Structures are given as C-alpha cells and as structure tokens.
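Structure below is protein-v7.cif: mmCIF, N, CA and C atoms.
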```cif
data_protein
loop_
_atom_site.label_atom_id
_atom_site.label_comp_id
_atom_site.auth_asym_id
_atom_site.auth_seq_id
_atom_site.Cartn_x
_atom_site.Cartn_y
_atom_site.Cartn_z
N GLN A 29 -13.45 24.02 9.50
CA GLN A 29 -12.24 23.22 9.36
C GLN A 29 -12.38 21.95 10.20
N LEU A 30 -12.21 20.83 9.54
CA LEU A 30 -12.33 19.55 10.23
C LEU A 30 -11.14 19.35 11.17
N GLN A 31 -11.43 18.95 12.39
CA GLN A 31 -10.39 18.61 13.36
C GLN A 31 -10.62 17.20 13.86
N LEU A 32 -9.54 16.47 14.04
CA LEU A 32 -9.61 15.07 14.47
C LEU A 32 -8.82 14.90 15.77
N VAL A 33 -9.39 14.18 16.71
CA VAL A 33 -8.72 13.93 17.98
C VAL A 33 -8.79 12.44 18.29
N GLU A 34 -7.63 11.82 18.40
CA GLU A 34 -7.57 10.39 18.74
C GLU A 34 -7.48 10.23 20.26
N SER A 35 -8.00 9.10 20.74
CA SER A 35 -7.88 8.75 22.15
C SER A 35 -7.95 7.24 22.29
N GLY A 36 -7.63 6.76 23.49
CA GLY A 36 -7.77 5.33 23.77
C GLY A 36 -6.47 4.56 23.78
N GLY A 37 -5.37 5.21 23.45
CA GLY A 37 -4.09 4.51 23.47
C GLY A 37 -3.64 4.23 24.89
N GLY A 38 -2.57 3.46 25.00
CA GLY A 38 -2.03 3.14 26.32
C GLY A 38 -1.06 1.99 26.26
N LEU A 39 -0.73 1.49 27.44
CA LEU A 39 0.18 0.35 27.57
C LEU A 39 -0.65 -0.91 27.80
N VAL A 40 -0.38 -1.94 27.02
CA VAL A 40 -1.13 -3.19 27.15
C VAL A 40 -0.17 -4.36 26.96
N GLN A 41 -0.47 -5.47 27.61
CA GLN A 41 0.37 -6.66 27.46
C GLN A 41 0.06 -7.36 26.14
N PRO A 42 1.01 -8.11 25.63
CA PRO A 42 0.74 -8.91 24.41
C PRO A 42 -0.48 -9.80 24.62
N GLY A 43 -1.31 -9.85 23.59
CA GLY A 43 -2.56 -10.60 23.68
C GLY A 43 -3.73 -9.78 24.17
N GLY A 44 -3.46 -8.58 24.64
CA GLY A 44 -4.51 -7.72 25.16
C GLY A 44 -5.25 -6.96 24.07
N SER A 45 -6.15 -6.08 24.50
CA SER A 45 -7.00 -5.33 23.58
C SER A 45 -7.02 -3.85 23.96
N LEU A 46 -7.25 -3.04 22.96
CA LEU A 46 -7.50 -1.62 23.13
C LEU A 46 -8.51 -1.19 22.09
N ARG A 47 -9.27 -0.14 22.42
CA ARG A 47 -10.15 0.48 21.43
C ARG A 47 -9.78 1.94 21.29
N LEU A 48 -9.38 2.30 20.08
CA LEU A 48 -9.05 3.68 19.78
C LEU A 48 -10.28 4.40 19.24
N SER A 49 -10.37 5.68 19.53
CA SER A 49 -11.44 6.52 19.02
C SER A 49 -10.84 7.69 18.26
N CYS A 50 -11.53 8.09 17.22
CA CYS A 50 -11.17 9.28 16.45
C CYS A 50 -12.42 10.15 16.39
N ALA A 51 -12.40 11.25 17.13
CA ALA A 51 -13.56 12.13 17.21
C ALA A 51 -13.34 13.34 16.31
N ALA A 52 -14.34 13.64 15.51
CA ALA A 52 -14.25 14.76 14.58
C ALA A 52 -15.08 15.94 15.07
N SER A 53 -14.59 17.13 14.78
CA SER A 53 -15.34 18.35 15.07
C SER A 53 -15.09 19.34 13.95
N GLY A 54 -15.97 20.31 13.83
CA GLY A 54 -15.80 21.33 12.82
C GLY A 54 -16.44 21.00 11.49
N ALA A 55 -16.78 19.75 11.28
CA ALA A 55 -17.44 19.34 10.04
C ALA A 55 -18.00 17.94 10.25
N MET A 56 -18.98 17.59 9.44
CA MET A 56 -19.58 16.26 9.53
C MET A 56 -18.68 15.24 8.84
N LEU A 57 -18.59 14.07 9.45
CA LEU A 57 -17.79 12.98 8.88
C LEU A 57 -18.57 12.16 7.86
N ASP A 58 -19.88 12.41 7.79
CA ASP A 58 -20.78 11.50 7.07
C ASP A 58 -20.35 11.19 5.64
N PHE A 59 -19.67 12.12 4.97
CA PHE A 59 -19.42 11.94 3.55
C PHE A 59 -18.01 11.42 3.26
N TYR A 60 -17.24 11.15 4.31
CA TYR A 60 -15.81 10.94 4.09
C TYR A 60 -15.30 9.60 4.58
N VAL A 61 -14.38 9.07 3.80
CA VAL A 61 -13.58 7.93 4.25
C VAL A 61 -12.74 8.36 5.45
N VAL A 62 -12.56 7.46 6.39
CA VAL A 62 -11.65 7.69 7.51
C VAL A 62 -10.67 6.52 7.57
N ALA A 63 -9.43 6.83 7.80
CA ALA A 63 -8.40 5.79 7.87
C ALA A 63 -7.61 5.90 9.17
N TRP A 64 -7.04 4.78 9.56
CA TRP A 64 -6.09 4.73 10.66
C TRP A 64 -4.71 4.40 10.09
N PHE A 65 -3.73 5.14 10.55
CA PHE A 65 -2.33 4.89 10.23
C PHE A 65 -1.58 4.68 11.54
N ARG A 66 -0.39 4.13 11.44
CA ARG A 66 0.47 4.03 12.62
C ARG A 66 1.92 4.23 12.21
N GLN A 67 2.70 4.67 13.19
CA GLN A 67 4.12 4.86 12.95
C GLN A 67 4.90 4.32 14.14
N ALA A 68 5.69 3.30 13.88
CA ALA A 68 6.54 2.72 14.91
C ALA A 68 7.85 3.50 14.98
N PRO A 69 8.53 3.46 16.12
CA PRO A 69 9.80 4.18 16.25
C PRO A 69 10.79 3.77 15.16
N GLY A 70 11.34 4.75 14.47
CA GLY A 70 12.33 4.49 13.44
C GLY A 70 11.79 3.94 12.14
N LYS A 71 10.47 3.89 12.01
CA LYS A 71 9.87 3.34 10.79
C LYS A 71 8.96 4.36 10.15
N GLU A 72 8.65 4.12 8.88
CA GLU A 72 7.74 5.00 8.17
C GLU A 72 6.30 4.73 8.61
N ARG A 73 5.50 5.75 8.44
CA ARG A 73 4.08 5.60 8.75
C ARG A 73 3.44 4.62 7.77
N GLU A 74 2.52 3.78 8.27
CA GLU A 74 1.86 2.80 7.42
C GLU A 74 0.37 2.81 7.65
N GLY A 75 -0.37 2.49 6.61
CA GLY A 75 -1.81 2.39 6.73
C GLY A 75 -2.22 1.13 7.46
N VAL A 76 -3.21 1.25 8.31
CA VAL A 76 -3.71 0.12 9.10
C VAL A 76 -5.08 -0.33 8.61
N SER A 77 -5.97 0.64 8.43
CA SER A 77 -7.34 0.29 8.06
C SER A 77 -8.06 1.54 7.58
N CYS A 78 -9.14 1.34 6.84
CA CYS A 78 -9.98 2.46 6.44
C CYS A 78 -11.41 1.98 6.32
N ILE A 79 -12.32 2.96 6.35
CA ILE A 79 -13.74 2.65 6.28
C ILE A 79 -14.42 3.69 5.41
N SER A 80 -15.39 3.26 4.62
CA SER A 80 -16.10 4.16 3.73
C SER A 80 -17.04 5.07 4.53
N ALA A 81 -17.60 6.05 3.85
CA ALA A 81 -18.37 7.10 4.52
C ALA A 81 -19.56 6.55 5.32
N ARG A 82 -20.25 5.56 4.76
CA ARG A 82 -21.42 5.00 5.45
C ARG A 82 -21.09 3.70 6.18
N GLY A 83 -19.83 3.31 6.09
CA GLY A 83 -19.42 2.08 6.78
C GLY A 83 -19.66 0.81 5.98
N GLY A 84 -20.05 0.95 4.71
CA GLY A 84 -20.37 -0.22 3.92
C GLY A 84 -19.18 -1.03 3.45
N SER A 85 -18.03 -0.42 3.43
CA SER A 85 -16.82 -1.15 3.03
C SER A 85 -15.67 -0.77 3.95
N THR A 86 -14.83 -1.77 4.17
CA THR A 86 -13.65 -1.57 5.02
C THR A 86 -12.46 -2.26 4.36
N ASN A 87 -11.29 -1.90 4.81
CA ASN A 87 -10.07 -2.51 4.29
C ASN A 87 -9.03 -2.53 5.39
N TYR A 88 -8.19 -3.55 5.38
CA TYR A 88 -7.20 -3.72 6.44
C TYR A 88 -5.84 -4.09 5.86
N ALA A 89 -4.79 -3.65 6.53
CA ALA A 89 -3.46 -4.14 6.21
C ALA A 89 -3.39 -5.63 6.57
N ASP A 90 -2.60 -6.37 5.81
CA ASP A 90 -2.50 -7.81 6.06
C ASP A 90 -2.05 -8.11 7.49
N SER A 91 -1.21 -7.24 8.04
CA SER A 91 -0.64 -7.48 9.36
C SER A 91 -1.67 -7.40 10.48
N VAL A 92 -2.85 -6.82 10.21
CA VAL A 92 -3.85 -6.67 11.28
C VAL A 92 -5.16 -7.38 10.97
N LYS A 93 -5.27 -7.98 9.80
CA LYS A 93 -6.51 -8.67 9.43
C LYS A 93 -6.83 -9.77 10.43
N GLY A 94 -8.10 -9.80 10.81
CA GLY A 94 -8.53 -10.81 11.77
C GLY A 94 -8.33 -10.41 13.22
N ARG A 95 -7.58 -9.33 13.46
CA ARG A 95 -7.33 -8.87 14.83
C ARG A 95 -7.93 -7.49 15.08
N PHE A 96 -7.93 -6.63 14.09
CA PHE A 96 -8.44 -5.27 14.23
C PHE A 96 -9.77 -5.14 13.51
N THR A 97 -10.64 -4.30 14.06
CA THR A 97 -11.93 -4.01 13.43
C THR A 97 -12.17 -2.51 13.45
N ILE A 98 -12.43 -1.95 12.28
CA ILE A 98 -12.75 -0.52 12.20
C ILE A 98 -14.27 -0.37 12.10
N SER A 99 -14.80 0.66 12.75
CA SER A 99 -16.23 0.93 12.69
C SER A 99 -16.43 2.42 12.85
N ARG A 100 -17.65 2.87 12.62
CA ARG A 100 -17.92 4.30 12.74
C ARG A 100 -19.32 4.53 13.23
N ASP A 101 -19.51 5.65 13.91
CA ASP A 101 -20.81 6.12 14.37
C ASP A 101 -20.94 7.54 13.88
N ASN A 102 -21.56 7.72 12.75
CA ASN A 102 -21.64 9.06 12.16
C ASN A 102 -22.47 10.02 13.02
N ALA A 103 -23.41 9.50 13.76
CA ALA A 103 -24.21 10.37 14.65
C ALA A 103 -23.33 11.01 15.72
N ARG A 104 -22.26 10.31 16.07
CA ARG A 104 -21.31 10.82 17.06
C ARG A 104 -20.05 11.38 16.39
N SER A 105 -20.01 11.37 15.06
CA SER A 105 -18.82 11.82 14.33
C SER A 105 -17.55 11.17 14.87
N THR A 106 -17.63 9.88 15.08
CA THR A 106 -16.52 9.15 15.68
C THR A 106 -16.26 7.85 14.92
N VAL A 107 -14.99 7.56 14.75
CA VAL A 107 -14.57 6.30 14.15
C VAL A 107 -13.74 5.55 15.18
N TYR A 108 -13.91 4.24 15.22
CA TYR A 108 -13.25 3.41 16.21
C TYR A 108 -12.31 2.40 15.55
N LEU A 109 -11.31 1.99 16.29
CA LEU A 109 -10.45 0.89 15.88
C LEU A 109 -10.31 -0.04 17.07
N GLN A 110 -11.01 -1.18 16.99
CA GLN A 110 -10.91 -2.19 18.02
C GLN A 110 -9.72 -3.09 17.71
N MET A 111 -8.78 -3.15 18.63
CA MET A 111 -7.55 -3.90 18.41
C MET A 111 -7.48 -5.04 19.42
N ASN A 112 -7.53 -6.25 18.92
CA ASN A 112 -7.45 -7.44 19.76
C ASN A 112 -6.18 -8.22 19.47
N SER A 113 -5.85 -9.14 20.35
CA SER A 113 -4.66 -9.99 20.18
C SER A 113 -3.44 -9.16 19.82
N LEU A 114 -3.24 -8.11 20.57
CA LEU A 114 -2.15 -7.18 20.26
C LEU A 114 -0.79 -7.83 20.40
N LYS A 115 0.11 -7.41 19.53
CA LYS A 115 1.48 -7.92 19.49
C LYS A 115 2.46 -6.76 19.73
N PRO A 116 3.66 -7.06 20.17
CA PRO A 116 4.65 -5.98 20.34
C PRO A 116 4.87 -5.17 19.06
N GLU A 117 4.76 -5.81 17.93
CA GLU A 117 4.96 -5.09 16.66
C GLU A 117 3.82 -4.14 16.31
N ASP A 118 2.76 -4.15 17.10
CA ASP A 118 1.68 -3.18 16.93
C ASP A 118 1.99 -1.85 17.62
N THR A 119 3.07 -1.81 18.35
CA THR A 119 3.47 -0.59 19.07
C THR A 119 3.73 0.55 18.10
N GLY A 120 3.23 1.73 18.45
CA GLY A 120 3.46 2.91 17.64
C GLY A 120 2.47 4.01 17.97
N VAL A 121 2.61 5.11 17.27
CA VAL A 121 1.64 6.19 17.38
C VAL A 121 0.58 5.97 16.31
N TYR A 122 -0.66 5.97 16.73
CA TYR A 122 -1.78 5.73 15.82
C TYR A 122 -2.47 7.05 15.49
N TYR A 123 -2.68 7.27 14.20
CA TYR A 123 -3.30 8.49 13.71
C TYR A 123 -4.56 8.16 12.92
N CYS A 124 -5.56 9.01 13.01
CA CYS A 124 -6.66 8.92 12.08
C CYS A 124 -6.53 10.05 11.07
N ALA A 125 -7.09 9.82 9.89
CA ALA A 125 -6.93 10.78 8.81
C ALA A 125 -8.14 10.73 7.89
N VAL A 126 -8.40 11.86 7.25
CA VAL A 126 -9.56 11.99 6.36
C VAL A 126 -9.12 12.69 5.07
N PRO A 127 -9.50 12.15 3.93
CA PRO A 127 -9.24 12.84 2.67
C PRO A 127 -10.36 13.83 2.39
N SER A 128 -10.08 14.90 1.70
CA SER A 128 -11.12 15.91 1.47
C SER A 128 -12.02 15.55 0.30
N ARG A 129 -11.59 14.67 -0.58
CA ARG A 129 -12.46 14.31 -1.69
C ARG A 129 -13.34 13.14 -1.29
N VAL A 130 -14.49 13.05 -1.93
CA VAL A 130 -15.44 11.97 -1.66
C VAL A 130 -14.99 10.71 -2.40
N ILE A 131 -14.89 9.62 -1.66
CA ILE A 131 -14.46 8.34 -2.23
C ILE A 131 -15.58 7.33 -1.97
N PRO A 132 -16.19 6.77 -3.01
CA PRO A 132 -17.40 5.95 -2.81
C PRO A 132 -17.18 4.63 -2.08
N SER A 133 -16.03 4.03 -2.25
CA SER A 133 -15.83 2.71 -1.64
C SER A 133 -14.35 2.48 -1.35
N VAL A 134 -14.09 1.68 -0.34
CA VAL A 134 -12.72 1.28 -0.04
C VAL A 134 -12.59 -0.24 -0.08
N GLN A 135 -13.53 -0.88 -0.76
CA GLN A 135 -13.55 -2.33 -0.79
C GLN A 135 -12.27 -2.90 -1.41
N THR A 136 -11.76 -2.23 -2.42
CA THR A 136 -10.57 -2.73 -3.11
C THR A 136 -9.29 -2.31 -2.40
N THR A 137 -9.24 -1.04 -2.00
CA THR A 137 -8.04 -0.54 -1.36
C THR A 137 -8.36 0.75 -0.62
N CYS A 138 -7.52 1.10 0.33
CA CYS A 138 -7.64 2.40 0.99
C CYS A 138 -6.96 3.45 0.12
N PRO A 139 -7.37 4.71 0.24
CA PRO A 139 -6.67 5.78 -0.48
C PRO A 139 -5.21 5.84 -0.06
N GLU A 140 -4.37 6.32 -0.98
CA GLU A 140 -2.96 6.47 -0.69
C GLU A 140 -2.74 7.52 0.38
N GLU A 141 -1.64 7.43 1.09
CA GLU A 141 -1.38 8.33 2.21
C GLU A 141 -1.41 9.80 1.79
N ASP A 142 -0.93 10.11 0.60
CA ASP A 142 -0.87 11.51 0.19
C ASP A 142 -2.24 12.09 -0.17
N GLU A 143 -3.28 11.26 -0.11
CA GLU A 143 -4.62 11.75 -0.40
C GLU A 143 -5.33 12.30 0.83
N TYR A 144 -4.72 12.12 2.00
CA TYR A 144 -5.38 12.54 3.23
C TYR A 144 -5.00 13.98 3.56
N ASP A 145 -6.00 14.80 3.84
CA ASP A 145 -5.78 16.23 4.07
C ASP A 145 -5.88 16.62 5.54
N TYR A 146 -6.53 15.79 6.32
CA TYR A 146 -6.74 16.10 7.73
C TYR A 146 -6.20 14.96 8.57
N TRP A 147 -5.44 15.32 9.60
CA TRP A 147 -4.81 14.33 10.47
C TRP A 147 -5.01 14.72 11.92
N GLY A 148 -5.15 13.71 12.77
CA GLY A 148 -5.15 13.97 14.20
C GLY A 148 -3.73 14.04 14.72
N GLN A 149 -3.62 14.25 16.03
CA GLN A 149 -2.30 14.42 16.63
C GLN A 149 -1.67 13.08 17.03
N GLY A 150 -2.46 12.04 17.04
CA GLY A 150 -1.96 10.71 17.33
C GLY A 150 -2.15 10.29 18.77
N THR A 151 -2.22 8.98 18.98
CA THR A 151 -2.30 8.42 20.32
C THR A 151 -1.33 7.25 20.39
N GLN A 152 -0.57 7.17 21.49
CA GLN A 152 0.48 6.17 21.62
C GLN A 152 -0.10 4.83 22.06
N VAL A 153 0.28 3.78 21.35
CA VAL A 153 -0.05 2.41 21.74
C VAL A 153 1.26 1.67 21.98
N THR A 154 1.39 1.10 23.17
CA THR A 154 2.59 0.34 23.50
C THR A 154 2.17 -1.05 23.94
N VAL A 155 2.67 -2.05 23.25
CA VAL A 155 2.37 -3.44 23.58
C VAL A 155 3.65 -4.07 24.13
N SER A 156 3.63 -4.35 25.41
CA SER A 156 4.85 -4.84 26.06
C SER A 156 4.48 -5.56 27.34
N SER A 157 5.28 -6.57 27.67
CA SER A 157 5.09 -7.27 28.94
C SER A 157 5.99 -6.67 30.02
#
```

As a first step, turn the structure in this file into structure tokens.
Amino acid sequence: QLQLVESGGGLVQPGGSLRLSCAASGAMLDFYVVAWFRQAPGKEREGVSCISARGGSTNYADSVKGRFTISRDNARSTVYLQMNSLKPEDTGVYYCAVPSRVIPSVQTTCPEEDEYDYWGQGTQVTVSS
C-alpha cells in the first residue's frame, strides 16, 4: 500500500521561499503521476501542480506559474515543490496525491481531483508578515 508523507511546510514572510517534499513508501513512485494540492481556510481544495512519472511533463495552476517548480527524484521516491515569491494567498495545507492508474503525460492538464487514490496527511504553509 502506497503511503505519502509531506514535509517542509512552515511560516514564511511574503516574498520568501519554501521547499515541500512528498516521500513515498510501500510502493515505487516510478510509474505514477504525482500532484500537489492545497486547501486554504474556508476554501475548497485546489490543484497546484503535477508531474509525470518520469518527470518529462509538468503542469501548473495559473496562480503559481513562474513561482513554483515541481520536480521528482524517483531513486528517492520523493517529489518536491519549490515555492518562491510566496504570497499570503499561498497559505494553506498542501497535500501530495497519486492516482492508481498510469497516465502517460500531464503536458495538457493534470488529472482531475477524483482520480487520485492516495493522499498524504498534508503540511501547513503560512505566508504572513
């Protein structure tokens, strides 16, 4: 059974940076898309970014393009989200998620939220001065 654990969240000032990690255990990540979602207080969960199994394609929400970078190290079964130029509106709980079906590319779009079968417990990101 695949298990996902996020880390790297914290409190940061506007304009600062954080790097989130999503570490997998129980199964290899090599064949699967991995996505990051976030949920702000009082708001619905939203997709932030996703990356294909080998890292050949990525996709980002418009609100984070140019500021966030997703990457993966399959040898370490870990996916990263580098977040730069953080804004207060980036505040929320960040989750990583994996769909159980094999998806060849995310160049056009990330899978829909209901396609993800495995979720981590989340890590809190707070952007505030």

> Mind telling me what the PyMOL selection byres ((chain A and resi 117) around 8) catches here, as number ranges by chain?
Replying inline: A: 68, 114-116, 118-120, 155-156

> On this structure, which residues satisfy the PyMOL selection byres (((chain A and resi 45-59 and name CA) around 6) and name CA), written as a PyMOL selection string?
Replying inline: chain A and resi 29-36+44+60+81+102+105-112

Atoms kept (N, CA and C atoms) for selection, written as a tab-separated table (two decimals), keeping the file's coordinate frame:
```
chain	number	residue	atom	x	y	z
A	29	GLN	N	-13.45	24.02	9.50
A	29	GLN	CA	-12.24	23.22	9.36
A	29	GLN	C	-12.38	21.95	10.20
A	30	LEU	N	-12.21	20.83	9.54
A	30	LEU	CA	-12.33	19.55	10.23
A	30	LEU	C	-11.14	19.35	11.17
A	31	GLN	N	-11.43	18.95	12.39
A	31	GLN	CA	-10.39	18.61	13.36
A	31	GLN	C	-10.62	17.20	13.86
A	32	LEU	N	-9.54	16.47	14.04
A	32	LEU	CA	-9.61	15.07	14.47
A	32	LEU	C	-8.82	14.90	15.77
A	33	VAL	N	-9.39	14.18	16.71
A	33	VAL	CA	-8.72	13.93	17.98
A	33	VAL	C	-8.79	12.44	18.29
A	34	GLU	N	-7.63	11.82	18.40
A	34	GLU	CA	-7.57	10.39	18.74
A	34	GLU	C	-7.48	10.23	20.26
A	35	SER	N	-8.00	9.10	20.74
A	35	SER	CA	-7.88	8.75	22.15
A	35	SER	C	-7.95	7.24	22.29
A	36	GLY	N	-7.63	6.76	23.49
A	36	GLY	CA	-7.77	5.33	23.77
A	36	GLY	C	-6.47	4.56	23.78
A	44	GLY	N	-3.46	-8.58	24.64
A	44	GLY	CA	-4.51	-7.72	25.16
A	44	GLY	C	-5.25	-6.96	24.07
A	60	TYR	N	-17.24	11.15	4.31
A	60	TYR	CA	-15.81	10.94	4.09
A	60	TYR	C	-15.30	9.60	4.58
A	81	ALA	N	-17.60	6.05	3.85
A	81	ALA	CA	-18.37	7.10	4.52
A	81	ALA	C	-19.56	6.55	5.32
A	102	ASN	N	-21.56	7.72	12.75
A	102	ASN	CA	-21.64	9.06	12.16
A	102	ASN	C	-22.47	10.02	13.02
A	105	SER	N	-20.01	11.37	15.06
A	105	SER	CA	-18.82	11.82	14.33
A	105	SER	C	-17.55	11.17	14.87
A	106	THR	N	-17.63	9.88	15.08
A	106	THR	CA	-16.52	9.15	15.68
A	106	THR	C	-16.26	7.85	14.92
A	107	VAL	N	-14.99	7.56	14.75
A	107	VAL	CA	-14.57	6.30	14.15
A	107	VAL	C	-13.74	5.55	15.18
A	108	TYR	N	-13.91	4.24	15.22
A	108	TYR	CA	-13.25	3.41	16.21
A	108	TYR	C	-12.31	2.40	15.55
A	109	LEU	N	-11.31	1.99	16.29
A	109	LEU	CA	-10.45	0.89	15.88
A	109	LEU	C	-10.31	-0.04	17.07
A	110	GLN	N	-11.01	-1.18	16.99
A	110	GLN	CA	-10.91	-2.19	18.02
A	110	GLN	C	-9.72	-3.09	17.71
A	111	MET	N	-8.78	-3.15	18.63
A	111	MET	CA	-7.55	-3.90	18.41
A	111	MET	C	-7.48	-5.04	19.42
A	112	ASN	N	-7.53	-6.25	18.92
A	112	ASN	CA	-7.45	-7.44	19.76
A	112	ASN	C	-6.18	-8.22	19.47
```

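In this model, the gap between CA of Glu72 in chain A and CA of Tyr88 in chain A comes to 17.4 Å.
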
Quick one: everything within 6.5 Å of Ser133 in chain A, counting all atoms listed in the file, minus sequence neighbours fewer than 4 positions away in the same chain. Send it as a CSV table (one decimal) with N, CA and C atoms, in the frame of the given file.
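around36.csv written:
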```csv
chain,number,residue,atom,x,y,z
A,80,SER,N,-15.4,3.3,4.6
A,80,SER,CA,-16.1,4.2,3.7
A,80,SER,C,-17.0,5.1,4.5
A,85,SER,N,-18.0,-0.4,3.4
A,85,SER,CA,-16.8,-1.2,3.0
A,85,SER,C,-15.7,-0.8,4.0
A,137,THR,N,-9.2,-1.0,-2.0
A,137,THR,CA,-8.0,-0.5,-1.4
A,137,THR,C,-8.4,0.8,-0.6
```

> When DSSP works through the backbone of this structure, what residues of chain A end up as strand (DSSP E), shown as an NGL selection string?
Replying inline: :A and (31-35 or 38-40 or 46-53 or 62-67 or 74-79 or 86-88 or 96-101 or 106-111 or 120-127 or 144-147 or 151-155)

> Applied to the shown file, which residues does the PyMOL selection byres ((chain A and resi 143) around 6.5) return, written as a ChimeraX atom specification?
Replying inline: /A:126-128,139-142,144-145

Quick one: what's the axis-aligned box for range 101-116 of chain A, all listed atoms, 5 Å on every side, centre and edges in Å to one decimal, as AutoDock Vina command-line options?
```
--center_x -9.7 --center_y 0.9 --center_z 16.4 --size_x 39.1 --size_y 31.8 --size_z 18.4
```

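The shortest atom-to-atom distance to Tyr122 in chain A, with only C-alpha atoms taken into account, belongs to A:Val153 out of A:Cys138, A:Val153, A:Cys78, A:Ile98.
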
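Nearest to Arg129 in chain A of all the residues A:Lys93, A:Val61, A:Gly75, A:Asn87 is A:Val61, counting only N, CA and C atoms.
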
>> Using Å and a single decimal, report how far CA of Ala89 in chain A sits from CA of Asp101 in chain A.
In response: 21.7 Å

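Put simply, atom N of Val40 in chain A is 27.0 Å away from atom N of Thr86 in chain A.
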
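Nearest residue to Ser99 in chain A, choosing from A:Gly83, A:Ser113, A:Val134, A:Leu39 and counting only N, CA and C atoms: A:Gly83.
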
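Between Gln135 in chain A and the candidates A:Ser157, A:Ile79, A:Val121, A:Val92, the tightest atom-to-atom separation, counting only N, CA and C atoms, involves A:Ile79.
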
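You can rank A:Pro132, A:Gly37, A:Ala63, A:Arg73 by their closest distance to Gln152 in chain A using only N, CA and C atoms, and at the top of that list sits A:Gly37.
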
>> Just list as a ChimeraX atom specification whatever in chain A DSSP marks as helix (DSSP H, G or I).
In response: /A:102-104,116-118,141-143
